[in-house]
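Just below is one structure, and these are the notes that go with it.
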Amino acid sequence: ANAGRLDEAAQALHRFHSEREATPASLLLHGILDEARGNRDAAETHYRKALYLDPDQIDALLHLSLLLESEGRVQAAIPFRRRIERLTAAS
């Protein structure tokens, strides 16, 4: 992915997920790749799946809230922003 070969990286993640159980980190990475490839709906799905597995996954919370805000869905992003604030205040 860092070399700009996003399609190859996405294919590798598809293989990973077909062979192993998805992890919050792998789903987050998949969301980031989806977003970089312009597939915002898939990115949102992967961020939400990461949060389902780990509700305190701060990177997924941040990416999802930024994605929602960039689409003008500010109200939908507010609960995720509040969760980020709670998590960072507790640290």
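Going through the structure tokens in order, the chains are called A, B, and so on, while each chain numbers its residues from 1 and the ligands are numbered from 1 in the order shown.
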Write out as a PyMOL selection string all residues of region 20-68 of chain A that DSSP puts in helix (DSSP H, G or I) for this structure's backbone. chain A and resi 24-36+40-53+58-68
Write out as JSON, numbers by chain which residues come within 8 Å of region 28-35 of chain A when counting only C-alpha atoms, dropping same-chain ones fewer than 5 positions away. {"A": [1, 6, 9, 10, 13, 40, 42, 43, 44, 45, 46, 47, 50, 59, 60, 63]}
Save the residues we just selected, C-alpha atoms, as a CSV table (one decimal), in the first residue's frame?
```
chain,number,residue,atom,x,y,z
A,1,ALA,CA,0.0,0.0,0.0
A,6,LEU,CA,-3.5,-0.1,-3.5
A,9,ALA,CA,-2.8,-4.5,-1.1
A,10,ALA,CA,-6.6,-4.8,-1.1
A,13,LEU,CA,-6.3,-8.3,2.6
A,40,ARG,CA,-16.2,5.3,0.8
A,42,ALA,CA,-16.9,0.0,1.8
A,43,ALA,CA,-14.5,2.0,4.0
A,44,GLU,CA,-17.4,2.9,6.3
A,45,THR,CA,-18.4,-0.7,6.5
A,46,HIS,CA,-14.9,-1.8,7.4
A,47,TYR,CA,-14.5,0.9,10.0
A,50,ALA,CA,-13.6,-2.9,13.3
A,59,ASP,CA,-8.1,4.8,15.0
A,60,ALA,CA,-11.3,3.4,13.5
A,63,HIS,CA,-11.3,7.5,10.5
```
Have a look at CA of Gly38 (chain A) and CA of Ser26 (chain A) and let me know their distance in Å, one decimal. 18.3 Å
Nearest to Gly4 (chain A), restricted to only C-alpha atoms and choosing among A:Ala36, A:Gly72, A:Asp41, A:Arg82, comes out as A:Ala36
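The interatomic distance for the pair CA of Ser65 (chain A) and CA of Phe80 (chain A) works out to 5.9 Å.
Of the residues under consideration (A:Pro24, A:Arg86, A:Leu61, A:Leu67), A:Pro24 shows the shortest atom-to-atom contact distance to Lys49 (chain A) when counting only C-alpha atoms.
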